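Q: Handing you this structure, nothing more for now.
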Amino acid sequence: MTYRSRAVSFFAVLLLQVCAVAQGGGQLRFCLHSDPKTFDPVLVEDDASERVRYMTGGFLMRVNRLTQELEPELATSWKLSKDGRTISFQLREGLHFSDGTPFSAEDVAFTMQRLMDPSLHSPTGDAFRSGEGKLQTQVTAPNKIAVTFPAPVASLDRKFDQVAILSAKSPKKEMAVLGPFYVADYKAGAYLLLNRNPNYWKRDEQGRTLPYLDSIRLDIQQNRDTEMLRFLRGEIDLIDTVDAEYFNRAQTEEAGSAHDAGVSLDPEQLWFNQTAKSPIPAYKRAWFRSTNFRVAVWEAVNRDDMARLVYRGRAQAAVGMLSPADKFWFNSALRARPYDPQAALKLLAQDGFHLQNGQLLDRDGHTVEFSVVTGAGNKTRERMATMMQEDLSKIGIKLSVVTLDFPSLIERITRTFDYEACLLGLTNMSLGPDAQMNVWLSSAENHQWNPSQKQPETAWEAEIDRLMRLQASSLDPKKRKDAFDRVQQIAWEQAPFIYLVNRHALSAVSPKLHNVQPAVLQPYVYWNIDRITMNAEAASK
Amino acid sequence: MIWLRNISIGILAAIFLASLFAGTLAPAPYAKQFRDEPDAAPSRQHWLGTDDLGRDRFSRVLYGTRISLLLAPAAAFLAAVLAGLIGGVAGYRGGWTERGLMAAADLVLSLPWLFLLLAVRALMPLNVAPIHSVMITFFILGCLGWAAGARVVCAGARSLRNSDFALQAQALGCSETRLLLRHVAPNLRPILLAQFWISVPVFILAEANLGILGLGVSEPVPSWGSLLRELEGLTAISGKPWVFVPLLLLIVSVTSFQVLLMDQEMPV
């Protein structure tokens, strides 16, 4: 074979490979960790249903998980009124649901009315409920609609990222979808099959119909060990969220399959019980209500070590209530508190704490010891608590680690308040302060350290209440950002939550998949599901 | 099979002695975190390497063995005593007493003990020192473990009640309490001993199961259960055979107990 013919063969093979990749098709397989509770996008509240909604739903606009910018989808453009109550959409024309039913502004009106129907208690609808009164929809043309809310809604446009449009006329009801896939088959406890929506409206840059994949098979698989084994055996193509231990294994065993998109939105946090009605001794409550005590604990915990050992370097010491992954809302003036046991002891001394034979005592001579509760079976949190135990022993604090089954834990932290400190993690599904209202308002039930206060019990909580309400009612992005920056500053200074680490967004993806761009917003891997392809060999299987 | 019995006794004695002298043999405190050496392979400093927090695994195995091997027999003793009392009285008295006590035993046997333990743990005060939580865990195991033994003891006591020597003693005017304590109880001793030996490995495994669920002995105190949790992850199983040492110890100890048990005379 001459060099020329070899070169021709090489380019021919290359061309074939490019064509093979681009031709699309094939079945993507991955796991859901439980059965979806509903296919009705309005009623979604569990993770599995949310994932199905993401892949099947058609949305007016959508947050690009990579850029975190809002992008048009079914709506080509939208306009917010000055009073923040009305949003007007210009819709795409000539679109059809998966069953062939035409899409129009009537469907958007129907979806919004259903979403705000108080009898349905839609969790997605709750985000839009800012005041008493009825929602009004005005269809001015088949492709134009204005939606008016009874009161101004902050970040109104971004909230539509969760609203999948339903058909008002389709006999298939919620099973008729506008997203890239539709539910073709479901066997409870076994699998869910999504097929390509033949009427999906999007085209790629070359004008070809999306999505590239023929179908998606979602196996219902609770056990994460089994999921990882199946991934390594090539039986499934991706794991959207993996922990650090599995991440390292995937990295070792299948080169190029492990993806670390960087620090995620999700924090691990500790808080002390400051509730007046809790059955803990008054002197302990006094410690927990002391800002110096809380900040001292924060500074005495080596969170870099936690990130390095517990998360194998796949996490970073948290700065405060928001992760730096939230590019717009994160207060960049804040810095992660350094590990400094000596500074912690100085702060404690200001409140009369003192060391005696290596044991910390308060000014009344009580030994400083407390327990931290966390969920049983969560090895990561148990490890974190064990590290805290050793770190706090260096400043003379005795810490007991108690693992409880989850219902008992929830009972203690929400009803009986019979606990001293709690270590838990949060999963943040959205950016900014909107999802934080139910935590930071002192009247909120999820204001964990001291919930459901009739009046704010401290001046700083009153200030946070004021600022949170201000940002929620303001339509000026700068004003909102300034207010929320201040909230982050107060939370950092007062330390009602001791933020430990922010986990990285880790995922595992088979090298046979293309166009995968892992992001730090969920879903990490398949947020662009309509553009994911697999190589020809995999697709032909 | 005397040689097998002797080997078992030797193994158990060696393990007991090593755990008893853990304070002298352990190269480091069991809770000390060498954070610059996490997941280290065996070395001169750390004979069995370190765990993911850098704790010396050999030290933790020694202390964990002490806890599991000392407290499991204690719990087994408690269960055997309860079984002896309840089963003995039920079998000897017969009638409604037997029916009532055996119904209670059936009830205990039918309880989902795991959920019961979960509930008891949830009700316990939180500020319990780790060593106390260990003792409470085994105490609960002991309190819940009497029922199966009680049924066996009851059967034994029932046969003794109708034996010739019991009838003779009754005919001679021996009081019921004296008959039970001086004549029946000594004859139940082999059964109780067998129950004790059966319970020891059962409780070791029960604590290990609880540890795997994160509900056994609390950190930083080690036990075989908590040490076995290292085998949970896939990564632990590959390329680190030394993490299997607690499992090996558990298997060897339970097997040795079983060998001793087989060697006991089974009178019933």
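Ordered as shown in the structure tokens, chains take letters A, B, and onward, while each chain numbers its residues from 1 and ligands are numbered from 1 in the order shown.
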Considering only C-alpha atoms, return as a count of residues only whatever protein or nucleic-acid residues lie within 10 Å of Phe97 in chain A, sequence-local ones (same chain, fewer than 6 positions apart) excluded.
A: 17
Q: Within 8 Å of chain B, which residues of chain A are there when counting only C-alpha atoms? Please give them as a list of chain:residue names.
A: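 Matching residues, ligands excluded from the count: A:Asp225, A:Glu245, A:Tyr246, A:Arg249, A:Asp305, A:Leu309, A:Val310, A:Phe370, A:Ser371, A:Ala376, A:Gly377, A:Asn378, A:Lys379, A:Arg383, A:Thr386, A:Met387, A:Glu390, A:Ser400, A:Val401, A:Val402, A:Thr403, A:Leu404, A:Asp405, A:Ser408, A:Tyr419.
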Q: Next, dump the selected residues to file, keeping only N, CA and C atoms, as a short mmCIF file (atom, residue, chain, number, x, y, z; two decimals), in the first residue's frame.
A:
data_model
loop_
_atom_site.label_atom_id
_atom_site.label_comp_id
_atom_site.auth_asym_id
_atom_site.auth_seq_id
_atom_site.Cartn_x
_atom_site.Cartn_y
_atom_site.Cartn_z
N ASP A 225 -24.01 0.84 44.57
CA ASP A 225 -22.91 -0.09 44.25
C ASP A 225 -23.22 -0.81 42.94
N GLU A 245 -15.83 8.50 46.18
CA GLU A 245 -15.21 7.19 46.19
C GLU A 245 -15.42 6.48 44.85
N TYR A 246 -16.67 6.51 44.37
CA TYR A 246 -16.98 5.88 43.09
C TYR A 246 -16.35 6.65 41.94
N ARG A 249 -12.95 5.47 41.45
CA ARG A 249 -12.95 4.12 40.87
C ARG A 249 -13.23 4.19 39.36
N ASP A 305 -9.20 19.66 55.40
CA ASP A 305 -8.94 18.23 55.63
C ASP A 305 -10.17 17.39 55.29
N LEU A 309 -9.95 14.42 52.77
CA LEU A 309 -10.05 13.02 53.22
C LEU A 309 -11.42 12.41 52.93
N VAL A 310 -12.46 13.12 53.33
CA VAL A 310 -13.80 12.53 53.19
C VAL A 310 -14.25 12.56 51.72
N PHE A 370 -21.15 18.37 73.67
CA PHE A 370 -22.47 18.30 73.04
C PHE A 370 -22.46 17.17 72.02
N SER A 371 -23.67 16.83 71.56
CA SER A 371 -23.78 15.74 70.58
C SER A 371 -24.21 16.31 69.24
N ALA A 376 -28.19 7.83 59.95
CA ALA A 376 -27.48 6.55 60.02
C ALA A 376 -27.25 6.03 58.60
N GLY A 377 -26.10 5.42 58.42
CA GLY A 377 -25.80 4.82 57.13
C GLY A 377 -25.17 5.78 56.14
N ASN A 378 -25.12 7.07 56.48
CA ASN A 378 -24.46 8.01 55.58
C ASN A 378 -23.00 8.12 55.99
N LYS A 379 -22.19 7.31 55.31
CA LYS A 379 -20.79 7.18 55.70
C LYS A 379 -20.06 8.52 55.59
N ARG A 383 -18.16 10.30 58.67
CA ARG A 383 -16.73 10.61 58.61
C ARG A 383 -16.48 12.08 58.96
N THR A 386 -16.80 12.56 62.60
CA THR A 386 -15.65 12.00 63.31
C THR A 386 -14.45 12.94 63.22
N MET A 387 -14.29 13.57 62.08
CA MET A 387 -13.18 14.54 61.96
C MET A 387 -13.43 15.75 62.84
N GLU A 390 -12.43 15.03 66.40
CA GLU A 390 -10.99 15.17 66.68
C GLU A 390 -10.58 16.64 66.69
N SER A 400 -20.04 14.12 70.88
CA SER A 400 -20.55 12.75 70.68
C SER A 400 -21.23 12.70 69.32
N VAL A 401 -20.94 11.67 68.57
CA VAL A 401 -21.58 11.51 67.25
C VAL A 401 -22.71 10.50 67.39
N VAL A 402 -23.91 10.92 67.04
CA VAL A 402 -25.08 10.02 67.14
C VAL A 402 -25.69 9.86 65.76
N THR A 403 -25.77 8.62 65.32
CA THR A 403 -26.42 8.38 64.02
C THR A 403 -27.83 7.85 64.28
N LEU A 404 -28.78 8.46 63.63
CA LEU A 404 -30.18 8.06 63.81
C LEU A 404 -30.78 7.70 62.46
N ASP A 405 -31.75 6.79 62.49
CA ASP A 405 -32.47 6.52 61.25
C ASP A 405 -33.21 7.80 60.85
N SER A 408 -36.42 9.22 62.62
CA SER A 408 -36.15 9.69 63.99
C SER A 408 -35.42 11.03 63.97
N TYR A 419 -32.43 17.72 70.37
CA TYR A 419 -31.09 17.49 69.83
C TYR A 419 -30.26 18.73 70.14
#
Q: Any idea what the distance is between CA of Leu181 in chain B and CA of Gly87 in chain B?
A: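 We find that CA of Leu181 in chain B and CA of Gly87 in chain B lie 13.3 Å from each other.
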Q: Which neighbours of Leu48 in chain B fall inside 8 Å, counting only C-alpha atoms, when residues of the same chain fewer than 3 positions from it are skipped, and could you give them as a CSV table (one decimal) with C-alpha atoms, in the first residue's frame?
A:
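This is the output file around_26.csv:
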chain,number,residue,atom,x,y,z
B,41,ALA,CA,-0.8,0.5,52.9
B,42,PRO,CA,0.7,-1.7,55.6
B,43,SER,CA,4.1,-0.4,56.8
B,56,ASP,CA,-4.1,3.0,62.5
B,57,ARG,CA,-6.1,-0.1,61.5
B,58,PHE,CA,-4.1,-2.6,63.6
B,242,TRP,CA,-5.6,-6.0,54.6
B,243,VAL,CA,-9.0,-4.4,55.1
Q: Give me the residues within 7 Å of Leu513 in chain A as a compact mmCIF listing (two decimals) with N, CA and C atoms, in the first residue's frame, counting only C-alpha atoms and dropping any in the same chain fewer than 2 places off.
A:
# COMPACT_ATOMS: atom_id res chain seq x y z
N SER A 510 -19.94 7.27 29.93
CA SER A 510 -19.23 6.35 29.04
C SER A 510 -18.56 7.14 27.92
N PRO A 511 -17.33 6.76 27.56
CA PRO A 511 -16.66 7.47 26.46
C PRO A 511 -17.38 7.33 25.12
N VAL A 516 -21.38 15.55 25.49
CA VAL A 516 -21.69 15.65 26.93
C VAL A 516 -20.84 16.77 27.51
N ILE A 532 -27.15 14.90 22.83
CA ILE A 532 -26.20 13.82 23.14
C ILE A 532 -26.28 12.73 22.07
N THR A 533 -25.13 12.28 21.63
CA THR A 533 -25.09 11.19 20.65
C THR A 533 -24.21 10.07 21.20
N MET A 534 -24.31 8.93 20.56
CA MET A 534 -23.37 7.85 20.93
C MET A 534 -22.71 7.34 19.66
N ASN A 535 -21.54 6.75 19.82
CA ASN A 535 -20.82 6.35 18.61
C ASN A 535 -21.56 5.21 17.90
Q: Grab the CA of Ala307 in chain A to CA of Val501 in chain A distance for me, in Å with one decimal place.
A: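 Calculated distance between CA of Ala307 in chain A and CA of Val501 in chain A is 6.6 Å.
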Q: State, in Å with one decimal place, the distance from CA of Leu60 in chain A to CA of Leu28 in chain A.
A: 25.7 Å
Q: So that I can check the surroundings of Gly189 in chain A, please list as a PDB file with C-alpha atoms, in the first residue's frame every protein, DNA and RNA residue that reaches within 12 Å of it, counting only C-alpha atoms and ignoring chain neighbours fewer than 6 positions away.
A:
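part_25.pdb written:
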ATOM      1  CA  CYS A  31     -30.621   4.565  36.279  1.00  0.00           C
ATOM      2  CA  LEU A  32     -33.251   6.286  38.329  1.00  0.00           C
ATOM      3  CA  HIS A  33     -32.908   5.641  42.053  1.00  0.00           C
ATOM      4  CA  SER A  34     -36.637   5.258  42.629  1.00  0.00           C
ATOM      5  CA  ASP A  35     -39.856   5.025  40.673  1.00  0.00           C
ATOM      6  CA  PRO A  36     -41.212   8.371  39.522  1.00  0.00           C
ATOM      7  CA  LYS A  37     -44.217   9.248  41.668  1.00  0.00           C
ATOM      8  CA  LEU A 218     -34.096   4.270  32.688  1.00  0.00           C
ATOM      9  CA  ASP A 219     -33.630   1.277  34.948  1.00  0.00           C
ATOM     10  CA  ILE A 220     -35.013   1.649  38.464  1.00  0.00           C
ATOM     11  CA  GLN A 221     -31.996   0.878  40.603  1.00  0.00           C
ATOM     12  CA  GLN A 222     -31.709   1.949  44.214  1.00  0.00           C
TER      13      GLN A 222
END
Q: Taking 3 positions as the minimum chain separation for residues in the same chain, which residues sit within 9 Å of Asp530 in chain A when counting only C-alpha atoms? Answer as a list in words.
A: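 That gives Met55, Gly179, Pro180, Phe181, Lys202, Leu210, Pro211, Tyr212, Leu213, Tyr526, Trp527 and Thr533 of chain A.
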Q: Take the residues from that selection and put them in a file with C-alpha atoms, as a PDB file, in the first residue's frame.
A:
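Saved to out_29.pdb:
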ATOM      1  CA  MET A  55     -36.307  14.924  29.475  1.00  0.00           C
ATOM      2  CA  GLY A 179     -39.903  17.752  25.008  1.00  0.00           C
ATOM      3  CA  PRO A 180     -37.355  15.626  23.127  1.00  0.00           C
ATOM      4  CA  PHE A 181     -38.695  12.310  24.477  1.00  0.00           C
ATOM      5  CA  LYS A 202     -35.625  21.683  17.651  1.00  0.00           C
ATOM      6  CA  LEU A 210     -33.228  16.512  17.333  1.00  0.00           C
ATOM      7  CA  PRO A 211     -32.869  14.544  19.542  1.00  0.00           C
ATOM      8  CA  TYR A 212     -30.140  12.364  18.103  1.00  0.00           C
ATOM      9  CA  LEU A 213     -30.893   9.398  20.341  1.00  0.00           C
ATOM     10  CA  TYR A 526     -27.792  15.196  30.416  1.00  0.00           C
ATOM     11  CA  TRP A 527     -28.999  18.779  30.635  1.00  0.00           C
ATOM     12  CA  THR A 533     -25.092  11.192  20.646  1.00  0.00           C
TER      13      THR A 533
END
Q: Could you name the residues that touch Ala103 in chain B at 12 Å or less, counting only C-alpha atoms, but leaving out those on the same chain fewer than 4 positions away, as an MDAnalysis selection string?
A: chainID B and resid 86:87 90 96:99 107:110 147:148 150:151
Q: Okay, now the selection with C-alpha atoms, as a compact mmCIF listing (two decimals), in the first residue's frame?
A:
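Saved as again-v9.txt:
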# COMPACT_ATOMS: atom_id res chain seq x y z
CA ILE B 86 -38.14 -17.57 82.28
CA GLY B 87 -37.82 -20.98 80.59
CA ALA B 90 -42.37 -21.88 82.66
CA TRP B 96 -51.05 -21.22 82.52
CA THR B 97 -47.64 -20.01 83.68
CA GLU B 98 -45.97 -21.95 80.90
CA ARG B 99 -48.52 -20.87 78.33
CA LEU B 107 -44.04 -12.43 70.92
CA VAL B 108 -40.40 -11.47 71.42
CA LEU B 109 -39.33 -13.90 68.69
CA SER B 110 -41.82 -12.43 66.28
CA ALA B 147 -36.65 -15.99 73.86
CA ALA B 148 -35.26 -18.81 71.68
CA ALA B 150 -36.18 -19.94 76.94
CA ARG B 151 -38.15 -22.33 74.76
